[in-house]
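Shown here: query_12.txt, compact mmCIF, C-alpha atoms.
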# COMPACT_ATOMS: atom_id res chain seq x y z
CA MET A 178 -5.92 3.36 1.86
CA ALA A 179 -2.53 2.09 0.82
CA VAL A 180 -0.63 1.98 -2.44
CA ARG A 181 0.76 -1.38 -3.44
CA ARG A 182 2.54 -2.68 -6.51
CA ASP A 183 1.52 -6.05 -7.93
CA ILE A 184 4.77 -7.99 -8.24
CA GLN A 185 3.59 -10.07 -11.21
CA THR A 186 2.02 -7.32 -13.32
CA GLY A 187 3.98 -4.32 -12.06
CA TYR A 188 0.70 -2.40 -11.76
CA LEU A 189 0.35 0.14 -9.04
CA GLY A 190 -2.90 -0.47 -7.18
CA ILE A 191 -4.85 1.36 -4.55
CA GLU A 192 -5.88 -0.87 -1.70
CA VAL A 193 -9.33 0.11 -0.48
CA PRO A 194 -10.33 -0.69 3.13
CA PRO A 195 -13.16 -3.29 3.42
CA ALA A 196 -15.62 -0.71 4.82
CA ALA A 197 -15.07 1.57 1.83
CA ARG A 198 -15.26 -1.37 -0.59
CA ALA A 199 -18.63 -2.35 0.93
CA LEU A 200 -19.90 1.16 0.14
CA GLY A 201 -18.80 0.80 -3.47
CA VAL A 202 -15.91 3.27 -3.27
CA PRO A 203 -13.97 3.07 -6.56
CA CYS A 204 -10.28 2.31 -6.47
CA GLY A 205 -7.50 3.03 -8.92
CA ILE A 206 -5.27 0.81 -10.98
CA ILE A 207 -2.56 2.74 -12.72
CA SER A 208 -1.03 0.55 -15.39
CA GLY A 209 2.71 1.04 -15.66
CA MET A 210 2.66 4.41 -13.85
CA SER A 211 4.03 5.56 -10.54
CA ALA A 212 1.96 7.33 -7.95
CA THR A 213 1.63 11.08 -8.49
CA ARG A 214 1.30 13.81 -5.86
CA ALA A 215 -2.43 13.83 -6.72
CA THR A 216 -2.91 10.10 -6.06
CA THR A 217 -0.76 10.35 -2.94
CA ALA A 218 -2.97 13.18 -1.61
CA LEU A 219 -6.08 11.05 -2.20
CA ASP A 220 -4.51 7.99 -0.60
CA GLN A 221 -3.36 9.92 2.47
CA ALA A 222 -6.85 11.40 2.90
CA GLY A 223 -8.51 8.00 2.45
CA VAL A 224 -10.57 9.24 -0.50
CA GLY A 225 -11.76 6.62 -2.99
CA TYR A 226 -11.02 7.20 -6.67
CA ARG A 227 -10.56 5.43 -9.98
CA ALA A 228 -7.62 6.09 -12.28
CA HIS A 229 -8.19 6.46 -16.03
CA PRO A 230 -4.94 6.39 -18.03
CA TYR A 231 -5.18 7.47 -21.67
CA ASP A 232 -2.96 8.08 -24.69
CA LEU A 233 -3.55 11.00 -27.08
CA PRO A 234 -0.49 11.38 -29.29
CA ASP A 235 -2.32 13.40 -31.98
CA ALA A 236 -5.06 15.23 -30.04
CA PRO A 237 -6.31 18.43 -31.66
CA ALA A 238 -4.98 21.48 -29.81
CA GLY A 239 -8.24 23.42 -29.58
CA SER A 240 -10.34 20.57 -28.19
CA TYR A 241 -7.83 18.63 -26.12
CA GLY A 242 -10.15 18.34 -23.11
CA GLU A 243 -12.97 16.94 -25.20
CA ALA A 244 -10.53 14.48 -26.82
CA VAL A 245 -9.50 13.34 -23.31
CA ALA A 246 -13.16 12.87 -22.36
CA ALA A 247 -13.71 10.73 -25.47
CA ALA A 248 -10.53 8.72 -24.80
CA ILE A 249 -11.71 7.74 -21.30
CA GLY A 250 -15.35 7.31 -22.31
CA PHE A 251 -16.87 10.19 -20.33
CA GLU A 252 -19.16 13.06 -21.23
CA PRO A 253 -17.15 16.30 -21.68
CA GLU A 254 -19.37 17.95 -19.04
CA ARG A 255 -18.11 15.38 -16.51
CA VAL A 256 -14.38 15.89 -17.19
CA PHE A 257 -13.00 19.00 -15.51
CA LYS A 258 -9.93 21.06 -16.35
CA THR A 259 -7.81 22.80 -13.74
CA LEU A 260 -6.96 26.39 -14.59
CA ILE A 261 -4.77 28.81 -12.68
CA ALA A 262 -6.04 32.36 -12.73
CA GLU A 263 -5.22 35.54 -10.86
CA VAL A 264 -7.81 37.63 -9.04
CA ASP A 265 -6.47 41.09 -8.24
CA GLY A 266 -2.97 39.64 -8.64
CA ASN A 267 -3.54 36.65 -6.32
CA PRO A 268 -3.45 33.09 -7.73
CA VAL A 269 -6.67 31.04 -7.66
CA VAL A 270 -7.43 27.51 -8.88
CA ALA A 271 -10.54 27.31 -11.09
CA ILE A 272 -11.97 23.88 -11.93
CA VAL A 273 -14.48 23.85 -14.81
CA PRO A 274 -15.81 21.29 -17.32
CA VAL A 275 -13.68 20.84 -20.44
CA SER A 276 -16.77 21.65 -22.50
CA HIS A 277 -17.10 25.10 -20.92
CA SER A 278 -15.01 28.24 -20.57
CA LEU A 279 -14.03 29.92 -17.34
CA ARG A 280 -15.99 33.14 -16.80
CA LEU A 281 -13.32 35.42 -15.37
CA LYS A 282 -15.82 38.02 -14.08
CA ALA A 283 -17.71 35.32 -12.17
CA LEU A 284 -14.44 34.05 -10.67
CA ALA A 285 -13.42 37.57 -9.61
CA SER A 286 -16.84 38.14 -8.05
CA GLU A 287 -16.69 34.81 -6.18
CA GLN A 288 -13.29 35.78 -4.77
CA SER A 289 -14.53 39.29 -3.84
CA GLY A 290 -12.16 40.77 -6.39
CA LYS A 291 -12.41 43.33 -9.14
CA LYS A 292 -10.40 41.76 -11.96
CA ALA A 293 -9.43 38.23 -12.96
CA SER A 294 -7.09 37.03 -15.67
CA MET A 295 -5.43 33.77 -16.62
CA ALA A 296 -2.06 33.17 -14.98
CA ASP A 297 1.03 32.88 -17.13
CA PRO A 298 1.67 29.16 -17.85
CA GLY A 299 5.14 29.36 -16.32
CA ASP A 300 3.71 30.89 -13.14
CA ALA A 301 1.03 28.18 -13.04
CA GLU A 302 3.72 25.49 -13.27
CA ARG A 303 5.84 27.09 -10.53
CA LEU A 304 2.87 27.50 -8.19
CA THR A 305 1.44 24.01 -8.65
CA GLY A 306 4.54 21.93 -9.35
CA TYR A 307 2.79 20.40 -12.35
CA ILE A 308 3.35 20.90 -16.08
CA THR A 309 0.76 22.64 -18.25
CA GLY A 310 -1.67 20.06 -19.58
CA GLY A 311 -1.26 17.97 -16.43
CA ILE A 312 -2.13 20.40 -13.66
CA SER A 313 -4.20 18.67 -11.01
CA PRO A 314 -6.23 20.42 -8.34
CA LEU A 315 -4.84 17.79 -5.93
CA GLY A 316 -1.36 17.66 -4.40
CA GLN A 317 -0.26 21.08 -5.60
CA ARG A 318 3.06 22.45 -4.38
CA LYS A 319 1.32 25.37 -2.70
CA ARG A 320 -2.30 25.29 -1.49
CA LEU A 321 -4.18 27.99 -3.36
CA PRO A 322 -7.76 29.20 -2.99
CA ALA A 323 -9.92 27.03 -5.24
CA VAL A 324 -13.33 27.34 -6.90
CA LEU A 325 -15.11 24.30 -8.33
CA ASP A 326 -17.83 24.98 -10.89
CA HIS A 327 -21.29 24.18 -9.54
CA THR A 328 -22.04 21.84 -12.46
CA ALA A 329 -19.79 19.26 -10.77
CA LEU A 330 -22.63 18.57 -8.35
CA GLU A 331 -24.78 17.27 -11.22
CA TRP A 332 -22.65 14.11 -11.26
CA ASN A 333 -21.92 11.36 -8.72
CA THR A 334 -18.31 11.41 -9.87
CA ILE A 335 -16.20 13.69 -12.05
CA CYS A 336 -12.73 13.41 -13.56
CA VAL A 337 -9.79 15.74 -12.98
CA SER A 338 -6.14 15.55 -14.00
CA GLY A 339 -4.09 13.01 -12.10
CA GLY A 340 -1.02 15.25 -12.13
CA LEU A 341 0.46 14.27 -15.45
CA ARG A 342 -0.58 14.18 -19.07
CA GLY A 343 -2.23 10.85 -19.73
CA LEU A 344 -3.98 10.32 -16.39
CA GLN A 345 -7.43 11.35 -15.19
CA LEU A 346 -8.77 10.61 -11.71
CA GLU A 347 -12.46 9.94 -11.11
CA LEU A 348 -13.82 10.93 -7.70
CA ALA A 349 -16.88 12.39 -6.01
CA PRO A 350 -17.09 16.18 -6.43
CA GLY A 351 -17.82 16.63 -2.71
CA ASP A 352 -14.64 14.73 -1.84
CA LEU A 353 -12.62 16.92 -4.22
CA ALA A 354 -14.08 20.14 -2.80
CA ALA A 355 -13.50 19.03 0.79
CA LEU A 356 -9.94 17.87 0.17
CA ILE A 357 -8.76 21.07 -1.53
CA GLY A 358 -11.00 23.45 0.41
CA ALA A 359 -12.82 24.58 -2.73
CA VAL A 360 -15.79 26.89 -2.83
CA ILE A 361 -18.52 25.68 -5.21
CA ALA A 362 -19.89 28.41 -7.46
CA PRO A 363 -21.13 29.08 -11.03
CA ILE A 364 -17.90 30.10 -12.80
CA SER A 365 -18.28 28.51 -16.24
CA GLY A 366 -20.23 29.43 -19.32
Give the structure from this file in structure tokens form.
Amino acid sequence: MAVRRDIQTGYLGIEVPPAARALGVPCGIISGMSATRATTALDQAGVGYRAHPYDLPDAPAGSYGEAVAAAIGFEPERVFKTLIAEVDGNPVVAIVPVSHSLRLKALASEQSGKKASMADPGDAERLTGYITGGISPLGQRKRLPAVLDHTALEWNTICVSGGLRGLQLELAPGDLAALIGAVIAPISG
């Protein structure tokens, strides 16, 4: 897969190989945006995806994820948030639906740990290279252990952050898990 910019429109497009196109692999069009580390990781791995830009200037703070889901026209159970937690002091990526909460005890158990807590936002930004509210499980600065909630497998495709506020990427959950080396487990409630 290659990234190309349409000279007339200025859109950044993802060129999908003919074999992938024949299989119905989605491709992204990112209107007026540059590639992110997340889209670059997908392109380099040859993983098909669709980009969903959105604008939420006045989204309610408590239900931001559900507002994002509504803005892109997806069920909240199909849009996943990327959280950085610590299990026994070690950072872990947890990917759960925006409509659910991360169960810290389940995450600790999955990682064979005793205690889990949410990472400090500043630490999460330093570890991933992304800003809070735009942390993607893809293209992180440092590869961390990752756990994807098992509910992702209920869908053909799910959405995760594209690496900046205002961009979601739709891809197959199996592709996401394979690319980031995620374990799939029940970690939300």
Among A:Val270, A:Leu284, A:Gly310, A:Gln345, A:Pro298 is approached most closely, using only C-alpha atoms, by A:Gly310
Could you check the closest approach to A:Ala301 for each of A:Ser365, A:Thr259, A:Ser278, A:Thr216 and tell me which residue wins, using all atoms listed in the file?
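Residue with the minimum atom-to-atom distance to A:Ala301: A:Thr259.
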Considering all atoms listed in the file, return as an NGL selection string whatever protein or nucleic-acid residues lie within 12 Å of A:Tyr307, sequence-local ones (same chain, fewer than 4 positions apart) excluded.
:A and (213-215 or 259-261 or 298-303 or 311-319 or 338-342)
In Å, rounded to a single decimal, give me how far atom CA of A:His277 is from atom CA of A:Ser240.
10.9 Å
At what distance in Å, to one decimal, does atom CA of A:Leu356 lie from atom CA of A:His327?
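Answer for the atom CA of A:His327 to atom CA of A:Leu356 separation: 16.2 Å.
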From the set A:Gln288, A:Pro268, A:Ala248, A:Gly223, which residue has the shortest atom-to-atom contact distance to A:Thr305, counting only C-alpha atoms?
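Ranked by minimum distance to A:Thr305, first place goes to A:Pro268.
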Around (-23.1, 10.1, -11.8), as given in the file, which residues come within 12 Å? Count only C-alpha atoms and list them as an NGL selection string.
:A and (251-252 or 254-256 or 328-336 or 347-350)
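For the atom pair formed by atom CA of A:Asp326 and atom CA of A:Phe257, the distance is 9.0 Å, given to one decimal.
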Have a look at A:Ala212, A:Ala246, A:Leu321, A:Ala271 and name the one nearest to A:Ala283; count only C-alpha atoms.
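Ranked by minimum distance to A:Ala283, first place goes to A:Ala271.
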Please identify all polymer residues within 8 Å of A:Lys292, counting only C-alpha atoms, omitting same-chain residues fewer than 6 positions from it, and present them as a list of chain:residue names.
A:Val264, A:Asp265, A:Leu281, A:Lys282, A:Ala285
File dump, residues just selected, C-alpha atoms, as a compact mmCIF listing (two decimals), in the coordinates of the input:
# COMPACT_ATOMS: atom_id res chain seq x y z
CA VAL A 264 -7.81 37.63 -9.04
CA ASP A 265 -6.47 41.09 -8.24
CA LEU A 281 -13.32 35.42 -15.37
CA LYS A 282 -15.82 38.02 -14.08
CA ALA A 285 -13.42 37.57 -9.61
